[in-house]
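Visitor: Sharing a structure with you now.
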Amino acid sequence: MTTTIVLPKAFPTTFAPFKRGRHIVTGFSVTEKWRTTTALPLVAAPHNHTLLLSTQDLTRKQRKLFGPSQTAQWLLRNDEFTTQTLASLQNDGNPKYMLMRWPEAVSVTVAQKLFRRWDRLCLAGVQFPAAEVQRSSTPALHLGLWALSSSSPHYTADTLQKQICDPVKRGKVIGKMDKLGALVKKEVIPHLIRLMAEYAPEQTRVQNLIHEKVQGYLQSVITARPAMYFGPLFYTMAVKEGSSEKVHIDWNDSMQKYAIVFCVGDYTGADFCVPQLDVRVPFPPRAAMAVQTRLLAHCATVVGSGRRLVFTCFTDCTLLEQVLKGRDWAHL
Ligand SMILES: [Fe+2]
């Protein structure tokens with residue numbers, strides 16, 4: 001069953017490219033009089049329904065950013081696009097739904113296995129970075145590939161775990177990490193690909209463009225850690241326990257791309273909040289969600305009880321931009 005809701009809200013104001021910071025979101029929350037997360041009204045849809053949320057259409061001013069033919073105008077000012085790239089961007093500029101939620105995207109058995117493999121990874125001594133205070137009190141591991149602060153895609157520091165000096169211990173950690181990644185690749189991603197192909201087909205073209213390009217240049221890197229290569233649907237997966245309680249924008253995500261989130265555990269609470277749209281969406285265990293996390297300020301309410309393991313899957317904007325601009329990675 002599916003519930004489709006068009007919210008009585010204007011298409012959301014965009015947080016401008018290249019200006020980032022928590023203060024921008026906080027300032028906006030005051031001027032726009034956003035409600036606190038617990039005061040946000042719960043969306044009227046049963047937990048076991050597929051939920052599709054959209055808003056009113058873009059205004060004329062907003063179309064300048066997203067493009068009259070929905071081309072990704074935010075990239076065009078660089079004037080570095082081939083005709084082929086521009087053609088591939090048509091209709092990819094403005095996905096139809098702000099948020100999609102699918103119940104039971106992960107089976108009970110796979111959910112239990114994911115938690116067991118996560119626990120083994122933690123027990124093996126995986127090293128976490130510091131928690132990102134602008135969004136959460138708990139730290140996340142960023143696994144897989146990205147191109148942040150770099151001229152080419154590479155495995156993240158969390159994936160490589162170079163801070164572990166003992167090679168035996170490091171090997172053990174990497175082995176457990178790869179088992180977790182392999183399980184996600186085998187048992188979760190194929191279903192997510194099917195869901196996205198059905199509900200957001202316009203995203204597929206650019207995803208395939210990135211996949212072709214990355215695979216072409218990084219074959220040897222991918223072969224070294226195949227369990228950490230998640231393409232073509234996404235390239236980085238943030239994994240952590242808890243929830244992201246502070247309202248934030250994911251500045252490194254792409255404006256027109258969805259981040260895909262799925263959660264497992266025996267938790268209560270942790271509703272997904274979008275104060276910009278004045279809505280709170282229950283996020284039950286084993287559900288998956290696709291959200292425009294660079295467009296919409298968002299957070300979750302705290303976990304009420306139990307454990308919650310959350311996987312946030314995304315493609316960083318630098319990687320997307322490098323592919324769209326035809327960046328040559330021949331030096332790799
Ligand atoms: Fe986020």
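Ordered as shown in the structure tokens, chains take letters A, B, and onward, while each chain numbers its residues from 1 and ligands are numbered from 1 in the order shown.
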Looking only at strand (DSSP E or B) from DSSP on the backbone, list the matching residues of region 135-241 of chain A as a PyMOL selection string.
Guide: chain A and resi 141-146+154-155+236-241
Visitor: With C-alpha atoms retained, write the just-selected residues as a PDB file, in the first residue's frame.
Guide:
ATOM      1  CA  LEU A 141      32.223   5.436  10.386  1.00  0.00           C
ATOM      2  CA  HIS A 142      32.332   6.658   6.782  1.00  0.00           C
ATOM      3  CA  LEU A 143      32.968   3.587   4.670  1.00  0.00           C
ATOM      4  CA  GLY A 144      33.667   3.362   0.946  1.00  0.00           C
ATOM      5  CA  LEU A 145      34.835   5.889  -1.635  1.00  0.00           C
ATOM      6  CA  TRP A 146      34.573   9.640  -1.889  1.00  0.00           C
ATOM      7  CA  HIS A 154      39.701   7.391  -2.926  1.00  0.00           C
ATOM      8  CA  TYR A 155      38.802   5.153   0.002  1.00  0.00           C
ATOM      9  CA  THR A 236      29.911   6.221   0.735  1.00  0.00           C
ATOM     10  CA  MET A 237      28.028   4.683   3.634  1.00  0.00           C
ATOM     11  CA  ALA A 238      28.017   6.342   7.066  1.00  0.00           C
ATOM     12  CA  VAL A 239      27.303   3.791   9.792  1.00  0.00           C
ATOM     13  CA  LYS A 240      26.622   4.573  13.419  1.00  0.00           C
ATOM     14  CA  GLU A 241      24.475   3.817  16.442  1.00  0.00           C
TER      15      GLU A 241
END
Visitor: Within 8 Å of ligand 1 (counting only C-alpha atoms and all ligand atoms), which residues show up? I'd like them as number ranges by chain.
Guide: A: 135, 244, 248-250, 293, 297-299
Visitor: Using C-alpha atoms, can you export the residues from the last selection as an mmCIF file, in the first residue's frame?
Guide:
data_model
loop_
_atom_site.group_PDB
_atom_site.id
_atom_site.type_symbol
_atom_site.label_atom_id
_atom_site.label_comp_id
_atom_site.auth_asym_id
_atom_site.auth_seq_id
_atom_site.Cartn_x
_atom_site.Cartn_y
_atom_site.Cartn_z
ATOM 1 C CA ARG A 135 24.623 16.847 13.817
ATOM 2 C CA SER A 244 21.408 12.638 14.369
ATOM 3 C CA HIS A 248 21.487 20.103 9.838
ATOM 4 C CA ILE A 249 22.136 20.137 6.122
ATOM 5 C CA ASP A 250 24.447 17.502 4.673
ATOM 6 C CA THR A 293 19.494 15.802 2.445
ATOM 7 C CA ALA A 297 17.341 20.619 6.783
ATOM 8 C CA HIS A 298 16.660 17.485 8.821
ATOM 9 C CA CYS A 299 17.355 15.551 12.010
#
Visitor: Looking at A:Asn252, A:Gln276, A:Ser243, A:Thr138, which one is nearest to Glu32 (chain A), with distances taken over only C-alpha atoms?
Guide: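 Distance minimum relative to Glu32 (chain A) lands on A:Gln276.
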Visitor: For region 265-275 of chain A, please output as a PyMOL selection string all residues within 10 Å (counting only C-alpha atoms; exclusion window: fewer than 4 positions along the same chain).
Guide: chain A and resi 29+32-42+99+108+111-112+114-115+241-248+279-286+289+291+293+296-310
Visitor: For the selection just defined, write its residues with N, CA and C atoms to a file, as a compact mmCIF listing (two decimals), in the first residue's frame.
Guide:
# COMPACT_ATOMS: atom_id res chain seq x y z
N SER A 29 16.14 28.75 10.90
CA SER A 29 15.09 28.15 11.75
C SER A 29 14.38 29.22 12.57
N GLU A 32 12.26 31.54 10.00
CA GLU A 32 11.13 30.79 9.42
C GLU A 32 10.21 30.19 10.49
N LYS A 33 10.59 30.42 11.77
CA LYS A 33 9.77 29.96 12.91
C LYS A 33 9.50 28.45 12.86
N TRP A 34 10.56 27.67 12.65
CA TRP A 34 10.40 26.22 12.64
C TRP A 34 10.00 25.73 14.03
N ARG A 35 9.14 24.73 14.07
CA ARG A 35 8.78 24.12 15.35
C ARG A 35 9.94 23.26 15.85
N THR A 36 9.94 23.02 17.18
CA THR A 36 10.91 22.07 17.73
C THR A 36 10.53 20.68 17.24
N THR A 37 11.49 19.76 17.24
CA THR A 37 11.25 18.46 16.61
C THR A 37 10.05 17.72 17.22
N THR A 38 9.95 17.76 18.55
CA THR A 38 8.86 17.00 19.18
C THR A 38 7.50 17.65 18.95
N ALA A 39 7.50 18.94 18.58
CA ALA A 39 6.22 19.63 18.31
C ALA A 39 5.78 19.47 16.85
N LEU A 40 6.65 18.92 16.01
CA LEU A 40 6.29 18.75 14.60
C LEU A 40 5.16 17.73 14.47
N PRO A 41 4.17 18.00 13.64
CA PRO A 41 3.08 17.02 13.48
C PRO A 41 3.54 15.76 12.77
N LEU A 42 3.09 14.61 13.28
CA LEU A 42 3.42 13.34 12.64
C LEU A 42 2.67 13.20 11.33
N LEU A 99 10.79 13.20 -0.09
CA LEU A 99 11.12 12.11 0.82
C LEU A 99 10.29 10.88 0.43
N VAL A 108 14.11 -9.50 8.51
CA VAL A 108 14.44 -9.71 9.93
C VAL A 108 15.80 -10.40 10.05
N ALA A 111 18.65 -8.06 9.12
CA ALA A 111 18.80 -7.03 10.16
C ALA A 111 19.60 -7.58 11.35
N GLN A 112 19.28 -8.80 11.76
CA GLN A 112 20.01 -9.41 12.88
C GLN A 112 21.47 -9.63 12.52
N LEU A 114 23.24 -7.96 10.32
CA LEU A 114 23.94 -6.67 10.25
C LEU A 114 24.40 -6.24 11.64
N PHE A 115 23.53 -6.40 12.62
CA PHE A 115 23.90 -6.00 13.99
C PHE A 115 25.03 -6.87 14.53
N GLU A 241 25.61 4.10 15.55
CA GLU A 241 24.47 3.82 16.44
C GLU A 241 23.91 5.13 16.93
N GLY A 242 22.60 5.15 17.17
CA GLY A 242 21.96 6.35 17.69
C GLY A 242 21.19 7.08 16.60
N SER A 243 21.13 8.41 16.74
CA SER A 243 20.44 9.21 15.72
C SER A 243 21.14 10.56 15.60
N SER A 244 20.85 11.29 14.55
CA SER A 244 21.41 12.64 14.37
C SER A 244 20.37 13.61 14.89
N GLU A 245 20.58 14.07 16.12
CA GLU A 245 19.53 14.80 16.83
C GLU A 245 19.47 16.29 16.49
N LYS A 246 20.54 16.81 15.87
CA LYS A 246 20.57 18.25 15.61
C LYS A 246 20.20 18.56 14.16
N VAL A 247 19.37 19.58 13.99
CA VAL A 247 18.93 19.94 12.63
C VAL A 247 20.14 20.39 11.82
N HIS A 248 20.31 19.80 10.65
CA HIS A 248 21.49 20.10 9.84
C HIS A 248 21.20 19.89 8.36
N VAL A 279 7.08 18.68 9.23
CA VAL A 279 6.61 17.31 9.24
C VAL A 279 7.59 16.39 9.98
N ARG A 280 7.01 15.37 10.64
CA ARG A 280 7.81 14.35 11.35
C ARG A 280 7.35 12.99 10.85
N VAL A 281 8.30 12.17 10.45
CA VAL A 281 7.98 10.90 9.81
C VAL A 281 8.52 9.75 10.66
N PRO A 282 7.66 8.86 11.16
CA PRO A 282 8.17 7.69 11.90
C PRO A 282 9.10 6.87 11.01
N PHE A 283 10.18 6.36 11.60
CA PHE A 283 11.18 5.60 10.86
C PHE A 283 11.37 4.27 11.58
N PRO A 284 10.44 3.32 11.36
CA PRO A 284 10.50 2.06 12.12
C PRO A 284 11.71 1.21 11.72
N PRO A 285 12.14 0.31 12.61
CA PRO A 285 13.25 -0.58 12.28
C PRO A 285 12.99 -1.31 10.96
N ARG A 286 14.05 -1.46 10.17
CA ARG A 286 14.08 -2.19 8.90
C ARG A 286 13.46 -1.41 7.73
N MET A 289 14.65 4.90 3.69
CA MET A 289 14.13 6.21 3.32
C MET A 289 15.07 6.83 2.30
N VAL A 291 15.94 10.65 0.94
CA VAL A 291 15.66 12.05 1.30
C VAL A 291 16.64 12.96 0.59
N THR A 293 18.86 15.33 1.22
CA THR A 293 19.49 15.80 2.45
C THR A 293 20.35 17.06 2.27
N LEU A 296 17.04 19.74 2.09
CA LEU A 296 16.18 19.87 3.26
C LEU A 296 16.98 19.77 4.56
N ALA A 297 16.76 20.74 5.44
CA ALA A 297 17.34 20.62 6.78
C ALA A 297 16.59 19.50 7.51
N HIS A 298 17.30 18.67 8.25
CA HIS A 298 16.66 17.49 8.82
C HIS A 298 17.38 17.04 10.09
N CYS A 299 16.74 16.17 10.84
CA CYS A 299 17.35 15.55 12.01
C CYS A 299 16.43 14.41 12.43
N ALA A 300 16.77 13.76 13.55
CA ALA A 300 15.87 12.73 14.08
C ALA A 300 15.62 13.03 15.56
N THR A 301 14.49 12.60 16.06
CA THR A 301 14.29 12.70 17.51
C THR A 301 15.19 11.65 18.17
N VAL A 302 15.38 11.76 19.47
CA VAL A 302 16.30 10.84 20.15
C VAL A 302 15.73 9.42 20.15
N VAL A 303 16.62 8.45 20.32
CA VAL A 303 16.19 7.06 20.43
C VAL A 303 15.52 6.90 21.80
N GLY A 304 14.29 6.38 21.80
CA GLY A 304 13.55 6.25 23.06
C GLY A 304 14.06 5.08 23.88
N SER A 305 14.18 3.92 23.25
CA SER A 305 14.68 2.73 23.94
C SER A 305 15.30 1.81 22.90
N GLY A 306 16.12 0.87 23.37
CA GLY A 306 16.73 -0.11 22.47
C GLY A 306 17.94 0.42 21.72
N ARG A 307 18.45 -0.41 20.82
CA ARG A 307 19.62 -0.01 20.01
C ARG A 307 19.18 0.27 18.58
N ARG A 308 19.80 1.26 17.97
CA ARG A 308 19.46 1.64 16.58
C ARG A 308 20.76 1.79 15.80
N LEU A 309 20.89 0.97 14.77
CA LEU A 309 22.05 1.05 13.88
C LEU A 309 21.57 1.67 12.57
N VAL A 310 22.17 2.78 12.19
CA VAL A 310 21.68 3.52 11.02
C VAL A 310 22.77 3.58 9.94
Visitor: For Trp329 (chain A), which residue among A:Leu277, A:Ala290, A:Cys317, A:Val214 is the nearest when counting only C-alpha atoms?
Guide: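 Using only C-alpha atoms, the shortest distance to Trp329 (chain A) belongs to A:Val214.
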Visitor: Just asking: which residues within region 162-284 of chain A are helix (DSSP H, G or I) according to DSSP, as number ranges by chain?
Guide: A: 167-187, 189-199, 201-224, 226-228, 275-277
Visitor: Do you have the CA of Phe11 (chain A)-CA of Asp57 (chain A) distance handy?
Guide: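 Here the two named atoms are 5.8 Å from each other.
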Visitor: Counting only C-alpha atoms, what are the residues of region 157-205 of chain A within 9 Å of region 219-232 of chain A, and for each of them which pair of atoms is the nearest and at what distance in Å, to one decimal? Sort the table by chain and rising number, as a Markdown table.
Guide:
| residue | atom | partner | partner_atom | distance |
| --- | --- | --- | --- | --- |
| A:Thr159 | CA | A:Met228 | CA | 7.6 |
| A:Met177 | CA | A:Ala227 | CA | 8.5 |
| A:Asp178 | CA | A:Ala227 | CA | 5.2 |
| A:Lys179 | CA | A:Ala227 | CA | 7.4 |
| A:Leu180 | CA | A:Ala227 | CA | 8.2 |
| A:Gly181 | CA | A:Ala227 | CA | 5.2 |
| A:Ala182 | CA | A:Ala227 | CA | 4.8 |
| A:Leu183 | CA | A:Ala227 | CA | 8.5 |
| A:Val184 | CA | A:Phe230 | CA | 8.8 |
| A:Lys185 | CA | A:Phe230 | CA | 6.7 |
| A:Ile189 | CA | A:Phe230 | CA | 8.1 |
| A:Ile193 | CA | A:Pro232 | CA | 8.8 |
| A:Thr204 | CA | A:Pro232 | CA | 8.8 |
Visitor: Tell me which of A:Asp278, A:Gly125, A:Val30, A:Val110 sits closest to Pro8 (chain A), counting only C-alpha atoms.
Guide: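 The closest residue to Pro8 (chain A) is A:Asp278.
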Visitor: Provide the CA of Leu7 (chain A) to CA of Lys96 (chain A) distance in Å, to one decimal place.
Guide: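 Result for CA of Leu7 (chain A) versus CA of Lys96 (chain A): 13.0 Å, one decimal.
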Visitor: Using only C-alpha atoms for the distances, tell me which of A:His211, A:Val173, A:Ile5, A:Glu198 is nearest to Gln161 (chain A).
Guide: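 Going through A:His211, A:Val173, A:Ile5, A:Glu198 one by one, the smallest distance to Gln161 (chain A) is for A:Val173.
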Visitor: Quick one: pull the distance between CA of Ser151 (chain A) and CA of Met255 (chain A), Å, one decimal.
Guide: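 Rounded to one decimal, the two atoms are 20.1 Å apart.
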Visitor: Excluding Thr50 (chain A) and residues on its chain fewer than 3 positions from it, collect all residues at most 6 Å away from it, counting only C-alpha atoms, and give them as a VMD selection string.
Guide: chain A and resid 2 101 to 102
Visitor: Between A:Ala259, A:Arg22, A:Leu295, A:Leu51, which residue has the minimum interatomic distance to Val133 (chain A), considering only C-alpha atoms?
Guide: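 Among the listed residues, the smallest separation from Val133 (chain A) belongs to A:Arg22.
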Visitor: Given only C-alpha atoms as the basis, pick out the residue of A:Tyr235, A:Phe311, A:Phe128, A:Tyr258 nearest to Arg294 (chain A).
Guide: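 Of A:Tyr235, A:Phe311, A:Phe128, A:Tyr258, the one nearest Arg294 (chain A) is A:Tyr258, counting only C-alpha atoms.
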